[in-house]
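Here is the structure we will look at, set down as structure tokens.
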Amino acid sequence: MSLIWSSSGINGEGLSLATLATVRVEAEEALNATPAGHPQRLERLLQCDKARDRCDEASRQDHDWWAQHHHARTHAIVIGVGKYDTCSSQMQNVTTSVHGAYAFVEYLLGDFHHATRPLGSVELLISSNDELSRWKPSESAANRLNIPQGTAVRVERATYRNIEDAFNRWVKRANDHGDGALFYFSGHGAASYNRSYVIPEDGALEPPRNLIELETTIDGLRNSAPEVLCFFIDSCREKHNADSDVLGARLAYAGKDPNRNREASLFAGSAIGGQAYGLPDEAPFFTQELIACLKRRGAGANKWRNLWEVTTSSLRSALGYAGPRRSACEDQGVSLAFSAHIFDSTETGVICHFVAQPEVFVKVQCEPVDALATAWLSVTDSAGETHARGHPQSTVWHTLVPPGPCTGVAEFDAPSEYARGEETTVLAPPCAPLVINLQPASSEVAETGALP
Amino acid sequence: VSTKTIPKNGTPYSVLVDVAHVPPELASAAVPVELVQPDGQVQFGQMKLIEGELIRLEAEGPGSHVVRLELPSGAWIVTSVVVPPTPDTNGQYIGRARLDFGSPQPSFLGAGASAASRPFTFADDMSLDFVAAFVPLLDPDPPWPISHVLRDRRSDQRLPVRRLPSADLESAADVTRWETTFYAFRGVERSSGPLSPVEMLIVAPPLRGRPLTIRKDPRRLNGPPYLASTAVTDPSAHVLFSYLRASLPDRVRMLAENMPPRTTRDLEHALADPIAAMQEAYALLGIGRDRQLPSALEFRRTFDLLPDGAVIAGWHDIRAGHYDRAVAAFDTALARGIPMFSEGLHLLSRGCAYLLGLFEEDQAIARLSARAYRLLAFANLNSELTCLGLSPMNLSIEAAAPPEADAVSSGRLSSSLEPTPLYARDPLTPAQGQSARRRLVDVGLRFVSTALDDDERDRLADWVASQETNQRRRELQKVGAGPVHRLAVPVEGRLGPRSASDQSGALGHRGVAARLLRY
């Protein structure tokens with residue numbers, strides 16, 4: 001069972017959904033570890049059957065509840081694949097993806113907010129080694145899941161079949177126009193001839209097996225209900241020119257009704273043909289930046305009442321700045337190129353809201369640009385706080401500043417070809433340029449370094 | 001000087017904005033403009049980029065404001081303005097701002113700082129003089145079967161297959177019929193690094209005197225590493241289309257708000273400039289405003305010869321739930337050739353795949369979808385005009401790099417960065433190029449087997465026998481007998497309607513026909 005939380009309030013004989021899922025996974029593992037003929041085999045078989053029955057019953061009740069109650073909600077499915085069937089697929093195991101999935105679930109349970117369609121349900125599928133597959137939620141997430149803090153949560157593995165089942169439940173649950181639907185995947189991916197794929201635990205590229213094709217899946221949801229549909233894909237999408245035209249399968253098939261108005265977008269941690277990155281034992285860079293944008297950095301320019309709106313367009317703009325900024329921060333020699341593709345935009349898609357003061361990405365540069373190599377750049381925000389670049393670099397500087405008035409300064413070690421430059425502007429989310437126009441230093445300053 | 005007011009709250013504070021140094025590609029185009037208030041709140045307006053025309057944006061109060069607009073390229077044009085706290089002699093509180101397109105602005109997503117120092121362009125402007133950049137292979141006339149077909153099987157449209165002087169570009173157009181034109185380029189790129197063979201096909205509008213621009217694509221994801229575009233004919237439509245391609249649908253929506261619905265009369269008028277008509281239609285379709293367009297039937301009838309018109313009509317039908325009509329529209333689109341815009345090619349493939357999901361058992365749709373996908377597979381979707389790669393570089397040239405030693409021992413791919421396998425994407429070495437070229441010959445042989453008639457096949461067989469080894473002869477004997485997998489190898493000129501008995505997917509309709517290879 002992968003449903004760990006639902007606003008339907010359904011539970012299984014007093015046990016929370018997360019607990020039911022954990023009991024079931026552990027019962028199944030215990031049964032698998034018990035050889036046939038073992039004295040405890042029968043007992044474990046019965047325990048396993050009971051756990052499955054309780055999960056199935058809770059799942060059925062939840063399904064019925066959503067079929068009868070029509071409240072606009074945001075439903076999420078989160079998939080992290082860190083362990084692959086390496087014997088048959090030659091896919092390398094990864095650790096970042098599982099951390100990414102947990103981080104995204106933590107965000108959903110703890111920080112996600114939408115004024116008119118709050119969180120409705122969360123499905124979680126994880127494939128990982130034993131230690132990492134036991135997720136210990138933070139206090140706020142544990143409270144939301146209605147489990148004691150410190151309790152480990154176990155969920156179904158992210159095999160193709162399990163993902164397909166969870167996906168279908170997710171689509172059925174988001175059965176109201178006005179619903180939001182978020183799909184998060186972290187793991188291995190690939191691209192072939194302008195199409196992208198994600199790879200479940202039992203998937204493989206050589207030969208292609210159990211791959212999930214994203215573009216046709218998103219198009220397959222054209223006449224399903226959600227008003228806002230977002231796919232967040234944190235995986236490499238390196239080019240894989242296989243012998244076959246079509247490597248994978250779609251998860252959704254459209255019905256024959258006329259298409260719905262909707263906003264459908266795909267945000268990815270890599271461009272087609274590119275790679276995604278992360279540090280070991282942390283969430284991948286894209287996931288970290290995505291969550292930061294959903295929390296504070298991806299607001300659109302306008303507020304709705306007193307809430308900042310994160311729309312698909314503003315998120316796309318913010319991620320466009322977040323990639324270069326993170327590349328510079330990590331200083332690992334990698335260039336992060338996040339990508340966004342809007343499939344349909346017949347509605348303005350608001351993904352979430354937040355109340356906190358947003359942060360604005362600012363791209364600071366000098367004119368002429370050659371001066372960047374020697375310029376000490378700093379930005380002073382409306383609160384008087386100064387953000388300084390560590391040292392001069394020849395590339396533009398991406399930084400984060402609160403909205404409102406802001407002054408950028410470029411200073412130079414004497415002697416210098418350029419005089420100190422200053423530029424004032426007003427910043428609005430999600431991002432803004434700041435160009436500091438420079439004048440040549442007077443000859444006296446350039447030669448002696450002394451101010452006149 | 002005329003002044004237009006965009007009313008907001010009726011405050012006494014306002015900013016008058018005008019523009020300067022507007023490039024011709026943008027002249028008179030409507031664009032969304034933003035007024036950033038001192039507290040960071042934004043007020044949106046819309047203005048036409050006409051020098052000397054002022055628009056008034058109403059401000060919430062006095063203080064420092066910023067007026068800015070984001071261009072489809074991601075570049076910003078920004079200027080600061082102060083709204084005075086005291087009234088002028090007329091009792092108004094007016095700040096004046098000028099958006100100057102002549103001043104350098106930072107590129108939005110451009111990685112390099114140097115991009116900002118260049119004058120304004122719609123995109124990274126690594127202009128490539130293809131006459132200089134493409135030189136013939138060392139063998140001036142390599143007997144590639146594909147070029148053999150290109151050279152010998154001309155249609156009523158001219159098909160330049162060797163180095164193409166710019167004069168030919170202008171004269172190759174046929175303005176009497178609105179059919180797209182194919183340009184095939186073959187040569188070696190020498191702009192950087194080792195020589196790289198390049199062979200590609202560009203679908204272009206047949207407009208006399210409209211130059212085709214080919215630029216290097218630094219962001220290539222798939223297909224050939226070049227971007228093709230044609231001159232801007234209608235700045236407003238081009239801006240609308242460019243915002244959509246830049247994944248900024250909110251901007252398109254803002255502009256579309258003030259657009260009147262298009263009528264059949266508009267369509268007839270648009271015949272004078274189908275490029276702009278297609279761009280506008282793609283943009284409106286992308287934001288679900290296709291109701292602002294005339295009906296699919298009218299659209300299809302008006303742009304009968306353009307694949308793009310049929311693609312737009314097909315999506316019109318899909319959105320309305322008229323799936324049988326959509327199938328017919330996409331069938332028509334493929335019969336007309338290849339969509340002029342890569343957006344159309346993308347929509348064509350997506351539309352066919354969508355219909356196949358609805359009618360899984362329908363073999364006709366399956367064939368349609370496969371043909372559309374074969375075209376898409378070799379397209380560079382960054383390019384505005386459809387640009388298909390025929391180069392050996394696109395034929396699965398990849399080499400798995402060995403994982404690092406510590407990745408093997410640790411079970412990860414890298415000690416610090418994850419993941420994954422690498423595929424070589426560097427330009428081909430001469431040896432790789434030779435190998436790839438040989439593979440292309442193999443592909444070409446299969447293509448020719450389905451594209452040529454018996455006499456031509458015999459001629460080719462003679463050529464192979466005279467030129468190649470016994471292995472090549474064996475290859476030729478296998479032609480047509482192997483499994484059918486993938487790859488579109490395009491152009492063949494053929495006159496006359498498509499034959500119903502032709503099972504190889506000919507796309508002919510009076511003009512140039514593209515034939516898909518079932519390889």
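Naming works like this for the structure tokens: A, B, ... for the chains as they're shown, residue 1 at the start of each chain, ligands 1 onward in shown order.
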*Would you list the contacts of region 226-231 of chain A as an MDAnalysis selection string, taking every protein, DNA or RNA residue within 7 Å and counting only C-alpha atoms, but skipping same-chain residues closer than 3 positions in sequence?*
chainID A and resid 174:184 261:267 349
Give me the residues near region 69-81 of chain A as a VMD selection string, where near means some atom within 6 Å (using only C-alpha atoms) and where sequence neighbours in that chain fewer than 5 positions away do not count.
chain A and resid 97 to 98 101 117 to 127 178 to 187
**Request:** DSSP on the backbone, then: every residue of region 301-333 of chain A marked helix (DSSP H, G or I), written as a PyMOL selection string.
**Result:** chain A and resi 312-330
With N, CA and C atoms retained, write the just-selected residues as a compact mmCIF listing (two decimals), in the first residue's frame.
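Output file selection31.txt follows:
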```
# COMPACT_ATOMS: atom_id res chain seq x y z
N THR A 312 2.58 28.00 -12.46
CA THR A 312 3.51 27.22 -13.28
C THR A 312 4.47 28.15 -14.02
N SER A 313 3.97 29.30 -14.45
CA SER A 313 4.86 30.23 -15.16
C SER A 313 5.90 30.82 -14.22
N SER A 314 5.48 31.21 -13.02
CA SER A 314 6.46 31.81 -12.11
C SER A 314 7.47 30.77 -11.65
N LEU A 315 7.01 29.52 -11.49
CA LEU A 315 7.94 28.47 -11.09
C LEU A 315 8.96 28.22 -12.19
N ARG A 316 8.49 28.26 -13.41
CA ARG A 316 9.40 28.07 -14.54
C ARG A 316 10.47 29.17 -14.56
N SER A 317 10.03 30.40 -14.33
CA SER A 317 10.98 31.51 -14.33
C SER A 317 11.97 31.37 -13.17
N ALA A 318 11.44 31.04 -12.00
CA ALA A 318 12.32 30.94 -10.83
C ALA A 318 13.34 29.81 -11.00
N LEU A 319 12.91 28.68 -11.52
CA LEU A 319 13.85 27.57 -11.71
C LEU A 319 14.91 27.92 -12.75
N GLY A 320 14.53 28.79 -13.68
CA GLY A 320 15.51 29.23 -14.67
C GLY A 320 16.68 29.97 -14.03
N TYR A 321 16.42 30.67 -12.94
CA TYR A 321 17.49 31.33 -12.20
C TYR A 321 18.11 30.41 -11.15
N ALA A 322 17.29 29.51 -10.61
CA ALA A 322 17.78 28.68 -9.51
C ALA A 322 18.92 27.76 -9.96
N GLY A 323 18.84 27.28 -11.19
CA GLY A 323 19.87 26.37 -11.69
C GLY A 323 21.25 27.02 -11.71
N PRO A 324 21.41 28.16 -12.40
CA PRO A 324 22.72 28.80 -12.42
C PRO A 324 23.20 29.22 -11.02
N ARG A 325 22.25 29.67 -10.20
CA ARG A 325 22.66 30.08 -8.85
C ARG A 325 23.20 28.88 -8.08
N ARG A 326 22.52 27.77 -8.17
CA ARG A 326 22.97 26.60 -7.43
C ARG A 326 24.29 26.07 -8.00
N SER A 327 24.43 26.14 -9.30
CA SER A 327 25.70 25.71 -9.91
C SER A 327 26.86 26.49 -9.31
N ALA A 328 26.66 27.81 -9.21
CA ALA A 328 27.73 28.65 -8.67
C ALA A 328 27.97 28.35 -7.20
N CYS A 329 26.88 28.10 -6.46
CA CYS A 329 27.03 27.82 -5.03
C CYS A 329 27.79 26.51 -4.80
N GLU A 330 27.48 25.51 -5.58
CA GLU A 330 28.09 24.20 -5.36
C GLU A 330 29.55 24.19 -5.79
```
Chain B proximity check over A:Arg209, A:Lys295, A:Arg260, A:Arg41, using only C-alpha atoms: winner is A:Arg260
Two-atom distance - CA of Leu221 (chain A), CA of Ala254 (chain A) (Å):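 Here the two named atoms are 5.6 Å from each other.
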Q.
Rounded to one decimal, what separation in Å do you get between CA of His387 (chain A) and CA of Pro280 (chain A)?
A.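 CA of Pro280 (chain A) lies at a distance of 29.0 Å from CA of His387 (chain A).
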| message | If we count only C-alpha atoms and set the cut-off at 7 Å, which residues sit around region 358-375 of chain A, ignoring sequence neighbours fewer than 6 positions away in its own chain? Please answer as a PyMOL selection string. | response | (chain A and resi 296-297+299+321+392-403+410-412+428-438) or (chain B and resi 113-114+117)
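When the distance limit is 10 Å and only C-alpha atoms are what count, the residues near Asn258 (chain B), minus those fewer than 5 positions from it on the same chain, are Ala30, Gln46 and Arg253 of chain B.
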Could you name the residues that touch Gly404 (chain A) at 8 Å or less, counting only C-alpha atoms, but leaving out those on the same chain fewer than 5 positions away, as a list in words?
Asp381, Ser382, Val426, Leu427 and Ala428 of chain A; Gln37, Pro38, Asp39 and Gly40 of chain B
Requested write-out: N, CA, C and O atoms of the selected residues, as a PDB file, in the first residue's frame:
```
ATOM      1  N   ASP A 381      19.501  45.217   0.370  1.00  0.00           N
ATOM      2  CA  ASP A 381      18.057  45.100   0.193  1.00  0.00           C
ATOM      3  C   ASP A 381      17.308  46.199   0.948  1.00  0.00           C
ATOM      4  O   ASP A 381      17.916  47.073   1.580  1.00  0.00           O
ATOM      5  N   SER A 382      15.983  46.110   0.898  1.00  0.00           N
ATOM      6  CA  SER A 382      15.156  47.165   1.474  1.00  0.00           C
ATOM      7  C   SER A 382      15.294  47.251   2.989  1.00  0.00           C
ATOM      8  O   SER A 382      15.032  48.302   3.582  1.00  0.00           O
ATOM      9  N   VAL A 426      13.908  48.367  -8.228  1.00  0.00           N
ATOM     10  CA  VAL A 426      12.865  47.803  -7.366  1.00  0.00           C
ATOM     11  C   VAL A 426      12.623  46.375  -7.833  1.00  0.00           C
ATOM     12  O   VAL A 426      12.399  46.137  -9.026  1.00  0.00           O
ATOM     13  N   LEU A 427      12.685  45.443  -6.917  1.00  0.00           N
ATOM     14  CA  LEU A 427      12.594  44.035  -7.277  1.00  0.00           C
ATOM     15  C   LEU A 427      11.185  43.498  -7.055  1.00  0.00           C
ATOM     16  O   LEU A 427      10.532  43.826  -6.066  1.00  0.00           O
ATOM     17  N   ALA A 428      10.773  42.663  -7.984  1.00  0.00           N
ATOM     18  CA  ALA A 428       9.491  41.972  -7.831  1.00  0.00           C
ATOM     19  C   ALA A 428       9.720  40.501  -8.114  1.00  0.00           C
ATOM     20  O   ALA A 428      10.543  40.150  -8.964  1.00  0.00           O
TER      21      ALA A 428
ATOM     22  N   GLN B  37       5.927  48.413  -8.314  1.00  0.00           N
ATOM     23  CA  GLN B  37       5.712  49.448  -7.304  1.00  0.00           C
ATOM     24  C   GLN B  37       6.844  49.422  -6.288  1.00  0.00           C
ATOM     25  O   GLN B  37       7.588  48.452  -6.206  1.00  0.00           O
ATOM     26  N   PRO B  38       6.996  50.453  -5.492  1.00  0.00           N
ATOM     27  CA  PRO B  38       8.103  50.474  -4.524  1.00  0.00           C
ATOM     28  C   PRO B  38       8.097  49.286  -3.563  1.00  0.00           C
ATOM     29  O   PRO B  38       9.141  48.872  -3.073  1.00  0.00           O
ATOM     30  N   ASP B  39       6.918  48.717  -3.295  1.00  0.00           N
ATOM     31  CA  ASP B  39       6.875  47.585  -2.360  1.00  0.00           C
ATOM     32  C   ASP B  39       7.066  46.238  -3.063  1.00  0.00           C
ATOM     33  O   ASP B  39       6.936  45.183  -2.455  1.00  0.00           O
ATOM     34  N   GLY B  40       7.354  46.259  -4.339  1.00  0.00           N
ATOM     35  CA  GLY B  40       7.575  45.009  -5.054  1.00  0.00           C
ATOM     36  C   GLY B  40       6.342  44.452  -5.715  1.00  0.00           C
ATOM     37  O   GLY B  40       6.413  43.452  -6.435  1.00  0.00           O
TER      38      GLY B  40
END
```
One decimal place gives the CA of Ser236 (chain B)-CA of Ser295 (chain B) separation as 22.0 Å
Self-check item: Of the listed residues A:Pro208, A:Gly14, A:Gly278, A:Pro39, that which approaches chain B most closely, counting only C-alpha atoms
Solution: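 Distance minimum relative to chain B lands on A:Gly278.
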**Prompt:** Which parts of region 156-290 of chain A does DSSP call strand (DSSP E) when run on the backbone here, written out as a ChimeraX atom specification?
**Reply:** /A:180-186,189-192,195-198,212-213,228-234,263-268
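You can rank A:Glu215, A:Glu201, A:Asp331, A:Glu309 by their closest distance to chain B using only C-alpha atoms, and at the top of that list sits A:Glu215.
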